[in-house]
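Working notes for the structure below.
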Amino acid sequence: MLQVPFIRENRELTVAGLQKKYFKAAAETVDQVLSLDDARRRIQLDLDNTLAAANELSKQIGNLMREGKKAEAEVSKAETAALKERSKALGEELSKVENELFEVLVLLPNVPHTSVPEGRTPDDNLTIFEHGSLPELPENALAHWDIIKNLDIIDFELGNKITGAGFPVYKGKGARMQRALINFFLDEAIAAGYYEIQPPILINRNSGYGTGQLPDKDGQMYHATEDDLFLIPTAEVPITNMYRDVILTDDQLPVRNAGHTPCFRREAGSWGAHVRGLNRLHQFDKIEIVQIRKPEESYIALEEMVEHVKSLLEKLELPYRILHLCGGDISFASALTYDFEVYSGAQKRWLECSSVSNFETFQSNRLKLRYKVGGKTQLLHTLNGSALALPRILAAILENNQTPDGRVQVPAVLVPYCGFEVI
RNA sequence: AGAGAGGUGGCAGAGUGGUCGAUUGCGGCGGUCUUGAAAACCGUUGACUGUUACAGGUCCGGGGGUUCGAAUCCCUCCCUCUCUACCA
């Protein structure tokens with residue numbers, strides 16, 4: 001959520017930023033925020049003065065009572081009635097205006113970083129880095145869903161039976177590969193200085209609100225209605241919410257956390273022909289890295305995270321590219337996002353396998369995640385990235401490393417983790 | 001799940017209707033002393049809002065109520081601890 005003082009001091013910049021994200025009626029909405037905030041402040045001042053008068057009167061009544069001047073006290077008591085009525089009315093007016101302000105404010109996306117490219121659709125994203133040559137597979141190369149079936153390592157029908165579409169069962173070497181990838185990614189994160197976290201995968205409303213999934217994106221999460229808890233769409237939610245309402249001290253910074261969790265996404269209405277196999281699932285595993293940094297360091301941290309993800313893909317010997325997302329494609333809360341796409345040789349498609357973002361103060365403002373600088377509290381910056389999401393990495397490994405005899409060569413770096421060289 | 005106890009500032013822990021935003025201890029910060037450090041002593045030390053600055057306002061788990069006035073009384077929800085039951 002954007003900070004009102006920021007909007008007030010940077011009206012033009014805010015409007016331009018929102019327009020870059022193709023937010024409709026940016027100028028009108030920003031002005032609405034400012035006028036609601038003006039009203040809020042006016043009412044607040046009025047209310048404060050009313051309360052101050054009432055407090056003063058109460059104090060006097062207390063003194064009169066102590067001195068035994070009962071009659072005078074009764075007179076003062078009568079006076080408080082009008083003040084009470086007034087403060088009640090002002091209080092109601094205030095919360096009404098505050099709610100209106102909040103409702104407009106939560107609809108505003110983050111202002112993108114100045115380097116974010118102009119553009120409306122994924123086609124406008126800038127490819128800023130490419131690594132590895134595309135695999136030259138024979139004409140009869142199989143897509144991963146066929147490889148999976150032939151080798152019997154992942155079973156979609158079985159998952160269908162147990163749960164439903166998008167919940168595959170990993171079996172035998174398929175399950176071992178999953179475990180190998182999880183351990184590999186976590187070990188790499190720890191080696192890079194991250195602190196391992198195993199968070200809950202059900203979260204409450206406050207947490208969903210803190211990272212921005214709620215109030216409006218609740219349709220994307222599975223909801224356990226009996227207890228009003230949500231299955232996490234990403235480990236970012238619990239790991240970042242550990243710091244909700246926290247004021248960090250210098251010696252606790254920077255925060256570098258990493259965690260593996262299953263992730264659950266309803267993906268309502270987004271299924272189609274191009275999402276076969278592992279390309280899109282309702283449940284998948286992901287290792288997430290989260291950083292909390294001082295504002296002046298956050299873009300250095302973002303580059304650090306990018307380098308980490310690059311090293312993972314390079315160790316797995318997968319061709320990939322990095323996209324600098326354009327204003328129209330960047331997520332609601334993000335100021336700057338790099339997407340990593342891995343090349344899946346048989347599908348001949350780039351598959352998104354990581355998204356690394358700096359949210360600046362957008363999340364911390366909601367979380368009330370702060371630190372002290374020169375005696376004053378200030379919002380911190382939050383960042384996160386996938387390092388990495390498993391299914392599409394597995395899809396690319398299966399497709400790119402398939403052998404003429406229908407098997408799959410395991411990337412060397414994973415062999416110690418899974419205990420076999422060939423699937 | 002049942003019974004009991006309890007949720008107060010970074011932590012510990014007072015406070016049961018009126019100078020309580022909150023005694024005190026620890027911790028933190030600043031100072032005196034010391035070659036330096038420790039000890040001792042003195043001072044300082046919550047958050048939010050607001051003002052040029054002061055003032056003012058709000059916050060004692062969340063929400064609601066009683067009262068001129070609530071950390072303190074009432075209702076409600078949440079959470080923690082102890083015991084019992086159950087259980088990977």
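Note on naming: chains are A, B, ... as they come in the structure tokens, residues start from 1 per chain, ligands start from 1 in the order shown.
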
Long-range neighbours of G21 of chain B as a compact mmCIF listing (two decimals) with N, CA, C and O atoms (P, O5', C5', C4', C3', O3' and C1' of nucleotides), in the first residue's frame, 12 Å cut-off, only C-alpha atoms (C1' of nucleotides), 3 positions minimum in chain:
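Output file part-v8.txt follows:
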```
# COMPACT_ATOMS: atom_id res chain seq x y z
P U B 8 1.35 -9.12 28.38
O5' U B 8 0.87 -7.70 28.82
C5' U B 8 0.42 -6.76 27.86
C4' U B 8 0.49 -5.37 28.43
C3' U B 8 1.89 -4.83 28.67
O3' U B 8 2.46 -4.28 27.49
C1' U B 8 0.54 -4.42 30.57
P G B 9 3.73 -4.97 26.83
O5' G B 9 4.73 -3.75 26.64
C5' G B 9 5.33 -3.48 25.35
C4' G B 9 6.03 -2.15 25.42
C3' G B 9 7.53 -2.22 25.79
O3' G B 9 8.39 -2.00 24.68
C1' G B 9 6.37 -0.68 27.20
P G B 46 10.40 6.44 25.80
O5' G B 46 9.76 5.27 24.91
C5' G B 46 10.59 4.29 24.29
C4' G B 46 9.67 3.31 23.62
C3' G B 46 8.89 3.88 22.45
O3' G B 46 9.66 3.85 21.26
C1' G B 46 7.41 2.73 23.87
P A B 47 9.34 4.89 20.13
O5' A B 47 7.97 4.37 19.53
C5' A B 47 7.92 3.13 18.85
C4' A B 47 6.50 2.86 18.43
C3' A B 47 5.87 3.95 17.58
O3' A B 47 6.24 3.84 16.22
C1' A B 47 4.38 3.32 19.29
P U B 58 -7.54 10.84 23.90
O5' U B 58 -7.06 9.65 22.96
C5' U B 58 -7.89 9.19 21.89
C4' U B 58 -7.16 8.13 21.10
C3' U B 58 -6.59 6.99 21.93
O3' U B 58 -7.58 6.05 22.28
C1' U B 58 -4.97 7.72 20.38
P C B 59 -7.45 5.28 23.70
O5' C B 59 -6.29 4.24 23.42
C5' C B 59 -6.50 3.16 22.50
C4' C B 59 -5.19 2.49 22.18
C3' C B 59 -4.47 1.84 23.36
O3' C B 59 -5.01 0.58 23.66
C1' C B 59 -2.92 3.05 22.04
P C B 60 -5.30 0.16 25.19
O5' C B 60 -3.85 -0.31 25.62
C5' C B 60 -3.27 -1.53 25.16
C4' C B 60 -2.61 -2.25 26.32
C3' C B 60 -3.59 -3.05 27.18
O3' C B 60 -3.21 -4.41 27.07
C1' C B 60 -2.24 -1.61 28.51
P A B 71 -7.58 3.57 30.53
O5' A B 71 -6.91 2.13 30.76
C5' A B 71 -6.92 1.14 29.77
C4' A B 71 -6.50 -0.19 30.34
C3' A B 71 -7.42 -0.73 31.43
O3' A B 71 -8.41 -1.55 30.87
C1' A B 71 -5.16 -0.76 32.17
```

Give as a ChimeraX atom specification every residue of chain B that touches chain A within 9 Å, counting only C-alpha atoms (C1' of nucleotides). /B:18-19,50,56-57,68-69

Go ahead and write the residues just picked, C-alpha atoms (C1' of nucleotides), as a short mmCIF file (atom, residue, chain, number, x, y, z; two decimals), in the first residue's frame.
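In the end it all went to result-v7.cif:
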```cif
data_model
loop_
_atom_site.label_atom_id
_atom_site.label_comp_id
_atom_site.auth_asym_id
_atom_site.auth_seq_id
_atom_site.Cartn_x
_atom_site.Cartn_y
_atom_site.Cartn_z
"C1'" G B 18 -9.55 10.10 38.79
"C1'" U B 19 -2.14 14.05 37.86
"C1'" G B 50 -0.19 16.03 14.91
"C1'" G B 56 -3.23 18.40 21.72
"C1'" G B 57 -5.18 13.33 20.51
"C1'" C B 68 -18.22 12.95 33.78
"C1'" G B 69 -13.76 9.66 33.89
#
```

Just list as a PyMOL selection string whatever in segment 157-255 of chain A DSSP marks as alpha helix (DSSP H). chain A and resi 157-162+173-191+205-210+236-241

Near-Leu278 of chain A list (12 Å; only C-alpha atoms (C1' of nucleotides); drop same-chain fewer than 6 positions) as number ranges by chain: A: 143-148, 154-156, 165-170, 284-285, 344, 347, 351-353, 389-399

Which one of A:Pro138, A:Glu296, A:Gly174, A:Gly345 sits closest to Phe420 of chain A if you count only C-alpha atoms? A:Gly174

Name the residues of segment 121-325 of chain A that fall into strand (DSSP E or B) according to DSSP on the backbone, using the chain letters and numbers of this document, as a ChimeraX atom specification. /A:126-131,154-155,169-170,195-197,202-203,223-224,229-231,247-248,255-264,283-293,320-324

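Excluding segment 2-4 of chain A itself and same-chain residues fewer than 5 positions from it, the residues having an atom within 8 Å of it are Val33, Leu34, Asp37, Leu105, Leu108, Pro109, Asn110, Thr361, Phe362 and Asn365 of chain A, counting only C-alpha atoms (C1' of nucleotides).
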
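The residue that comes closest to Asp152 of chain A, out of A:Gly164, A:Ser311, A:Asn204, A:Lys171 and on the basis of only C-alpha atoms, is A:Lys171.
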
Near segment 38-45 of chain B, counting only C-alpha atoms (C1' of nucleotides), which residues have an atom at most 12 Å away, once you skip same-chain residues fewer than 4 positions from it, shown as a PyMOL selection string? (chain A and resi 375) or (chain B and resi 9-10+27-34)

Please produce an output containing N, CA, C and O atoms (P, O5', C5', C4', C3', O3' and C1' of nucleotides) for each residue in the selection, written as an mmCIF file, in the first residue's frame.
```cif
data_model
loop_
_atom_site.group_PDB
_atom_site.id
_atom_site.type_symbol
_atom_site.label_atom_id
_atom_site.label_comp_id
_atom_site.auth_asym_id
_atom_site.auth_seq_id
_atom_site.Cartn_x
_atom_site.Cartn_y
_atom_site.Cartn_z
ATOM 1 N N GLY A 375 16.830 7.695 15.594
ATOM 2 C CA GLY A 375 15.762 7.860 16.560
ATOM 3 C C GLY A 375 14.362 7.834 15.966
ATOM 4 O O GLY A 375 13.374 7.822 16.690
ATOM 5 P P G B 9 3.728 -4.972 26.832
ATOM 6 O "O5'" G B 9 4.725 -3.753 26.635
ATOM 7 C "C5'" G B 9 5.330 -3.484 25.349
ATOM 8 C "C4'" G B 9 6.032 -2.147 25.423
ATOM 9 C "C3'" G B 9 7.530 -2.223 25.788
ATOM 10 O "O3'" G B 9 8.389 -1.998 24.683
ATOM 11 C "C1'" G B 9 6.372 -0.676 27.197
ATOM 12 P P G B 10 8.151 -2.647 23.302
ATOM 13 O "O5'" G B 10 9.654 -3.106 23.018
ATOM 14 C "C5'" G B 10 9.916 -4.144 22.080
ATOM 15 C "C4'" G B 10 11.008 -5.036 22.596
ATOM 16 C "C3'" G B 10 10.654 -5.803 23.863
ATOM 17 O "O3'" G B 10 9.984 -7.005 23.557
ATOM 18 C "C1'" G B 10 12.756 -4.774 24.137
ATOM 19 P P G B 27 21.682 -4.732 33.227
ATOM 20 O "O5'" G B 27 21.183 -4.723 31.717
ATOM 21 C "C5'" G B 27 21.239 -5.911 30.929
ATOM 22 C "C4'" G B 27 20.490 -5.699 29.634
ATOM 23 C "C3'" G B 27 20.931 -4.493 28.826
ATOM 24 O "O3'" G B 27 22.100 -4.772 28.054
ATOM 25 C "C1'" G B 27 18.579 -4.499 28.975
ATOM 26 P P G B 28 23.151 -3.621 27.825
ATOM 27 O "O5'" G B 28 22.326 -2.608 26.909
ATOM 28 C "C5'" G B 28 21.958 -2.980 25.580
ATOM 29 C "C4'" G B 28 21.239 -1.848 24.901
ATOM 30 C "C3'" G B 28 21.972 -0.517 24.914
ATOM 31 O "O3'" G B 28 22.921 -0.449 23.866
ATOM 32 C "C1'" G B 28 19.739 -0.166 25.583
ATOM 33 P P C B 29 24.299 0.309 24.105
ATOM 34 O "O5'" C B 29 23.855 1.842 24.093
ATOM 35 C "C5'" C B 29 23.335 2.425 22.909
ATOM 36 C "C4'" C B 29 22.804 3.802 23.205
ATOM 37 C "C3'" C B 29 23.776 4.751 23.880
ATOM 38 O "O3'" C B 29 24.696 5.324 22.979
ATOM 39 C "C1'" C B 29 21.697 4.863 24.978
ATOM 40 P P G B 30 26.179 5.644 23.517
ATOM 41 O "O5'" G B 30 25.947 6.937 24.419
ATOM 42 C "C5'" G B 30 25.559 8.160 23.801
ATOM 43 C "C4'" G B 30 25.319 9.219 24.851
ATOM 44 C "C3'" G B 30 26.461 9.448 25.832
ATOM 45 O "O3'" G B 30 27.500 10.240 25.282
ATOM 46 C "C1'" G B 30 24.428 9.341 27.020
ATOM 47 P P G B 31 28.997 10.029 25.857
ATOM 48 O "O5'" G B 31 28.896 10.568 27.352
ATOM 49 C "C5'" G B 31 28.799 11.959 27.614
ATOM 50 C "C4'" G B 31 28.503 12.219 29.065
ATOM 51 C "C3'" G B 31 29.621 11.929 30.049
ATOM 52 O "O3'" G B 31 30.600 12.953 30.053
ATOM 53 C "C1'" G B 31 27.575 11.139 30.937
ATOM 54 P P U B 32 32.079 12.631 30.515
ATOM 55 O "O5'" U B 32 31.918 12.452 32.085
ATOM 56 C "C5'" U B 32 31.642 13.586 32.920
ATOM 57 C "C4'" U B 32 31.582 13.150 34.366
ATOM 58 C "C3'" U B 32 32.825 12.436 34.884
ATOM 59 O "O3'" U B 32 33.830 13.366 35.278
ATOM 60 C "C1'" U B 32 30.877 11.234 35.539
ATOM 61 P P C B 33 35.324 13.081 34.883
ATOM 62 O "O5'" C B 33 35.695 11.810 35.756
ATOM 63 C "C5'" C B 33 35.710 11.881 37.183
ATOM 64 C "C4'" C B 33 35.836 10.505 37.770
ATOM 65 C "C3'" C B 33 37.000 9.682 37.233
ATOM 66 O "O3'" C B 33 38.219 10.000 37.887
ATOM 67 C "C1'" C B 33 35.022 8.363 37.216
ATOM 68 P P U B 34 39.553 10.256 37.078
ATOM 69 O "O5'" U B 34 39.843 8.834 36.460
ATOM 70 C "C5'" U B 34 40.223 7.744 37.305
ATOM 71 C "C4'" U B 34 40.418 6.493 36.490
ATOM 72 C "C3'" U B 34 41.302 6.638 35.250
ATOM 73 O "O3'" U B 34 42.673 6.576 35.591
ATOM 74 C "C1'" U B 34 39.337 5.422 34.680
#
```

If I take atom CA of Glu67 of chain A and atom C1' of G17 of chain B, how far is one from the other in Å, to one decimal? 17.2 Å
